[in-house]
Structures are given as structure tokens and as C-alpha cells.
>>> print(open('upload09.tsv').read())   # TSV, C-alpha atoms
chain	number	residue	atom	x	y	z
C	295	MET	CA	187.89	124.34	102.41
C	296	ALA	CA	186.54	123.70	98.94
C	297	THR	CA	182.82	123.30	98.53
C	298	PRO	CA	181.91	119.93	97.02
C	299	THR	CA	180.27	120.16	93.64
C	300	ALA	CA	177.07	118.36	92.83
C	301	MET	CA	177.44	115.45	90.43
C	302	ASN	CA	174.92	114.33	87.89
C	303	ILE	CA	174.71	110.54	88.28
C	304	GLU	CA	172.77	108.53	85.71
C	305	ILE	CA	172.40	104.78	85.31
C	306	LYS	CA	171.53	103.26	81.95
C	307	LEU	CA	170.86	99.72	80.84
C	308	PRO	CA	173.71	98.63	78.57
C	309	ASP	CA	173.16	98.77	74.83
C	310	ARG	CA	175.48	97.92	71.93
C	311	GLU	CA	177.23	101.31	71.95
C	312	LEU	CA	177.81	101.23	75.71
C	313	TYR	CA	179.04	97.64	75.42
C	314	GLU	CA	181.77	98.78	73.03
C	315	THR	CA	182.94	101.36	75.58
C	316	CYS	CA	183.01	98.80	78.41
C	317	ARG	CA	184.66	96.20	76.16
C	318	GLY	CA	187.52	98.62	75.62
C	319	TRP	CA	188.06	98.91	79.39
C	320	ILE	CA	187.98	95.11	79.75
C	321	GLU	CA	190.53	94.59	77.01
C	322	GLN	CA	192.79	97.34	78.42
C	323	GLN	CA	193.05	95.22	81.55
C	324	GLY	CA	194.12	92.17	79.55
C	325	GLN	CA	190.81	90.36	79.92
C	326	GLN	CA	188.66	88.89	77.16
C	327	ALA	CA	185.23	90.44	76.75
C	328	ILE	CA	182.20	88.27	76.20
C	329	PRO	CA	180.55	88.89	72.80
C	330	TYR	CA	177.65	91.34	72.95
C	331	ALA	CA	175.18	88.68	71.75
C	332	ALA	CA	176.02	86.56	74.81
C	333	LEU	CA	175.28	89.31	77.33
C	334	PRO	CA	171.91	89.69	79.04
C	335	PRO	CA	169.82	92.86	78.67
C	336	GLN	CA	170.05	93.46	82.43
C	337	GLY	CA	172.96	95.43	83.75
C	338	ALA	CA	174.12	98.91	84.51
C	339	VAL	CA	176.37	101.56	83.06
C	340	VAL	CA	176.92	104.38	85.53
C	341	PHE	CA	177.59	107.87	84.19
C	342	ILE	CA	178.88	110.78	86.22
C	343	ASP	CA	178.49	114.18	84.60
C	344	GLY	CA	177.83	112.50	81.24
C	345	THR	CA	180.92	110.27	81.27
C	346	PRO	CA	180.58	106.48	81.55
C	347	ILE	CA	182.49	105.37	84.65
C	348	CYS	CA	181.61	101.73	85.33
C	349	CYS	CA	179.53	98.86	84.02
C	350	GLY	CA	178.39	95.35	84.84
C	351	TRP	CA	175.88	92.81	83.55
C	352	LEU	CA	173.46	90.61	85.47
C	353	TYR	CA	172.46	87.18	84.19
C	354	ILE	CA	169.14	86.30	85.81
C	355	THR	CA	167.84	82.74	85.92
C	356	ASP	CA	164.32	81.84	84.85
C	357	GLY	CA	162.97	82.70	88.29
C	358	THR	CA	162.71	79.18	89.68
C	359	CYS	CA	165.94	79.14	91.68
C	360	GLY	CA	166.38	82.81	92.61
C	361	VAL	CA	170.01	83.07	91.45
C	362	ALA	CA	171.66	85.76	89.36
C	363	MET	CA	175.24	86.04	88.12
C	364	LEU	CA	177.09	89.34	88.07
C	365	HIS	CA	179.58	89.61	85.23
C	366	ASN	CA	182.14	92.05	83.79
C	367	VAL	CA	182.18	94.60	86.59
C	368	ILE	CA	184.73	97.09	85.31
C	369	ALA	CA	185.55	100.76	85.74
C	370	ASN	CA	186.82	103.38	83.33
C	371	PRO	CA	190.61	103.37	83.78
C	372	ALA	CA	190.76	107.12	83.07
C	373	ALA	CA	188.48	108.00	86.02
C	374	THR	CA	189.91	109.04	89.36
C	375	PRO	CA	189.69	106.55	92.25
C	376	ALA	CA	187.16	108.77	94.04
C	377	ILE	CA	184.88	109.00	90.99
C	378	LYS	CA	185.19	105.24	90.41
C	379	ALA	CA	184.16	104.55	94.02
C	380	ILE	CA	181.06	106.75	93.72
C	381	ALA	CA	180.03	105.13	90.44
C	382	ILE	CA	180.65	101.57	91.66
C	383	LYS	CA	178.53	102.20	94.77
C	384	HIS	CA	175.64	103.34	92.60
C	385	GLY	CA	176.17	100.46	90.18
C	386	PHE	CA	176.17	97.82	92.92
C	387	ARG	CA	173.01	99.31	94.44
C	388	PHE	CA	171.30	99.24	91.04
C	389	ILE	CA	172.38	95.64	90.38
C	390	LYS	CA	171.00	94.68	93.81
C	391	GLN	CA	167.66	96.31	92.91
C	392	LEU	CA	167.58	94.47	89.57
C	393	GLY	CA	168.14	91.19	91.38
C	394	SER	CA	165.44	91.93	93.95
C	395	LEU	CA	162.93	92.96	91.28
C	396	ASN	CA	163.54	89.63	89.53
C	397	CYS	CA	162.98	87.56	92.70
C	398	CYS	CA	166.65	86.67	93.14
C	399	THR	CA	167.73	85.63	96.60
C	400	ILE	CA	171.46	85.62	95.81
C	401	ILE	CA	173.75	87.24	93.28
C	402	LEU	CA	176.95	85.37	92.49
C	403	GLY	CA	179.88	86.91	90.68
C	404	SER	CA	183.58	87.45	90.40
C	405	ILE	CA	185.67	90.59	90.64
C	406	ALA	CA	189.25	90.70	89.38
C	407	ASP	CA	190.17	94.19	90.63
C	408	ASN	CA	191.21	94.29	94.31
C	409	LYS	CA	189.97	97.88	94.79
C	410	LEU	CA	186.54	96.93	93.44
C	411	LEU	CA	186.57	93.89	95.72
C	412	LYS	CA	187.28	96.02	98.80
C	413	LEU	CA	184.45	98.36	97.88
C	414	ALA	CA	182.06	95.44	97.31
C	415	ARG	CA	182.91	94.10	100.76
C	416	ARG	CA	182.21	97.50	102.33
C	417	LEU	CA	178.81	97.47	100.59
C	418	GLY	CA	177.89	94.12	102.15
C	419	TRP	CA	178.96	91.66	99.45
C	420	ASN	CA	180.61	88.49	100.73
C	421	ALA	CA	183.95	87.55	99.25
C	422	GLU	CA	185.14	83.97	99.08
C	423	THR	CA	188.82	83.49	99.76
C	424	SER	CA	189.19	80.20	97.88
C	425	GLN	CA	191.48	80.18	94.89
C	426	THR	CA	189.24	79.42	91.94
C	427	THR	CA	189.61	80.11	88.27
C	428	ASN	CA	186.73	81.23	86.11
C	429	VAL	CA	186.29	79.08	83.04
C	430	SER	CA	184.35	79.59	79.85
C	431	LEU	CA	183.80	77.81	76.57
C	432	THR	CA	183.01	79.78	73.45
C	433	LEU	CA	180.73	77.78	71.17
>>> encode(input="upload09.tsv", output="C-alpha cells")
Amino acid sequence: MATPTAMNIEIKLPDRELYETCRGWIEQQGQQAIPYAALPPQGAVVFIDGTPICCGWLYITDGTCGVAMLHNVIANPAATPAIKAIAIKHGFRFIKQLGSLNCCTIILGSIADNKLLKLARRLGWNAETSQTTNVSLTL
């Protein structure tokens, strides 16, 4: 039996350079990325052994209603499913901490990838089954 190797896991707040990496993953999946200027400073990019594996941003309200919105959760398409799962778990935990630290009582969001959705459910996130379509308007 092979001995598992230790992984170096690091979480960074997204900056412009990391956005460009994540934007590439989003566009590879046929989705349109939100412009960098429209993204909040809160979010997470999870690295494993120095390689970015997943990212997501968290829009936090002004603190009066306790709501945050999770956006652009995406994983590096070149990563193995096992590595993606590890990174996503750490990313979701970090996003939850960000929400808690900002007095959020609920985080809303959408996930397009069914594997990410299954993992989110296993981590305690509720998934609506209604058929809705996300809409946006670029100004």
C-alpha cells in the first residue's frame, strides 16, 4: 500500500493575476466571466503544492441583512478529481469562515458543475431543485 504524501495547501485572496487564471477556467467551460472590476475583494483561491486548483468569490452585503452571495466557484480542469475535491473542501470552509466573520447568516450561490454540487451537499450546503436561470446585465 502506498503511503499518502503530505500536501501543501494554501488559500489566497484573489488578486488580478489569480483572476486571470480563474477566468481562463470559466471560459474553458463555456461560461462568461464577470469583469475583474465587478468582483469583490473577498474570495478564495486554493493552491495545492503551489498550483491553483479552485476559486470562488463572495459578495458580502453591507452587514444589515446578513446575506452573502457566492459566485464563480470553479476548479482547474487539469487537476485530478481527487485533488479538486480536496481543494474545494478547503475553499468552501474558507468561504464559510469569511461569511461568519462578516456577520452573514446565509450564503446564497449557484453551482453549474454537478460534481461540485455533490461535494457542496456533502459539506452541508443546501441545494434547491427548482429550475432557475441566473441572469445578469452588464452596464
>>> atom_distance(input="upload09.tsv", atom1="atom CA of C:Ala369", atom2="atom CA of C:Leu392")
19.4 Å
>>> atom_distance(input="upload09.tsv", atom1="atom CA of C:Ala376", atom2="atom CA of C:Ile347")
11.0 Å
>>> residues_around(input="upload09.tsv", residues="C:Leu402", least_positions_apart="4", cutoff="8 Å", atoms="all atoms listed in the file", output="VMD selection string")
chain C and resid 361 to 364
>>> closest_residue(input="upload09.tsv", among="C:His365, C:Leu417, C:Cys349, C:Ala372", to="C:Ser404", atoms="only C-alpha atoms")
C:His365
>>> residues_near_point(input="upload09.tsv", point="(171.6, 85.2, 98.8)", cutoff="12 Å", atoms="only C-alpha atoms", output="NGL selection string")
:C and (359-363 or 390 or 393-394 or 397-403 or 418-420)
>>> residues_around(input="upload09.tsv", residues="stretch 311-315 of chain C", least_positions_apart="5", cutoff="10 Å", atoms="only C-alpha atoms", output="number ranges by chain")
C: 306, 320, 327-330, 333, 338-339, 346-351, 370
>>> closest_residue(input="upload09.tsv", among="C:Gln336, C:Ile303, C:Lys412, C:Ala421", to="C:Ile377", atoms="all atoms listed in the file")
C:Ile303
>>> atom_distance(input="upload09.tsv", atom1="atom CA of C:Asn396", atom2="atom CA of C:Thr355")
8.9 Å
>>> residues_around(input="upload09.tsv", residues="C:Met301", least_positions_apart="3", cutoff="12 Å", atoms="all atoms listed in the file", output="list in words")
Pro298, Glu304, Phe341, Ile342, Asp343, Gly344, Thr345, Ile377, Ile380 and Ala381 of chain C
>>> residues_around(input="upload09.tsv", residues="C:Ile382", least_positions_apart="4", cutoff="8 Å", atoms="only C-alpha atoms", output="PyMOL selection string")
chain C and resi 340+348+369+378+386+410+413
>>> axis_aligned_box(input="upload09.tsv", around="stretch 415-419 of chain C", padding_each_side="4 Å", output="lines of an AutoDock Vina configuration file")
center_x = 180.4
center_y = 94.6
center_z = 100.9
size_x = 13.0
size_y = 13.8
size_z = 10.9
>>> closest_residue(input="upload09.tsv", among="C:Leu411, C:Gln391, C:Arg317, C:Asn302", to="C:Ala379", atoms="all atoms listed in the file")
C:Leu411
>>> decode(input="upload09.tsv", residues="stretch 319-354 of chain C", atoms="C-alpha atoms", output="short mmCIF file (atom, residue, chain, number, x, y, z; two decimals), in the first residue's frame")
data_model
loop_
_atom_site.label_atom_id
_atom_site.label_comp_id
_atom_site.auth_asym_id
_atom_site.auth_seq_id
_atom_site.Cartn_x
_atom_site.Cartn_y
_atom_site.Cartn_z
CA TRP C 319 -11.09 28.04 -16.36
CA ILE C 320 -14.50 29.73 -16.53
CA GLU C 321 -14.20 30.42 -20.24
CA GLN C 322 -12.97 26.87 -20.93
CA GLN C 323 -16.31 25.68 -19.59
CA GLY C 324 -18.22 27.96 -21.97
CA GLN C 325 -19.25 30.44 -19.29
CA GLN C 326 -18.77 34.20 -19.31
CA ALA C 327 -16.53 35.58 -16.59
CA ILE C 328 -17.51 38.70 -14.70
CA PRO C 329 -15.03 41.57 -15.25
CA TYR C 330 -12.40 41.84 -12.53
CA ALA C 331 -13.60 45.33 -11.54
CA ALA C 332 -17.03 43.88 -10.71
CA LEU C 333 -15.70 41.22 -8.34
CA PRO C 334 -15.47 41.73 -4.58
CA PRO C 335 -12.14 41.55 -2.73
CA GLN C 336 -13.43 38.60 -0.68
CA GLY C 337 -12.96 35.14 -2.04
CA ALA C 338 -10.58 32.26 -2.14
CA VAL C 339 -8.09 30.67 -4.48
CA VAL C 340 -6.93 27.30 -3.17
CA PHE C 341 -3.46 26.10 -4.08
CA ILE C 342 -2.18 22.57 -3.61
CA ASP C 343 1.58 22.17 -3.83
CA GLY C 344 1.85 25.62 -5.43
CA THR C 345 -0.72 25.02 -8.17
CA PRO C 346 -4.04 26.92 -8.18
CA ILE C 347 -6.85 24.34 -8.07
CA CYS C 348 -10.10 26.19 -7.40
CA CYS C 349 -11.52 29.63 -6.80
CA GLY C 350 -14.67 31.47 -5.82
CA TRP C 351 -15.73 34.98 -4.83
CA LEU C 352 -18.01 36.11 -2.02
CA TYR C 353 -20.15 39.24 -2.35
CA ILE C 354 -20.97 40.41 1.17
#
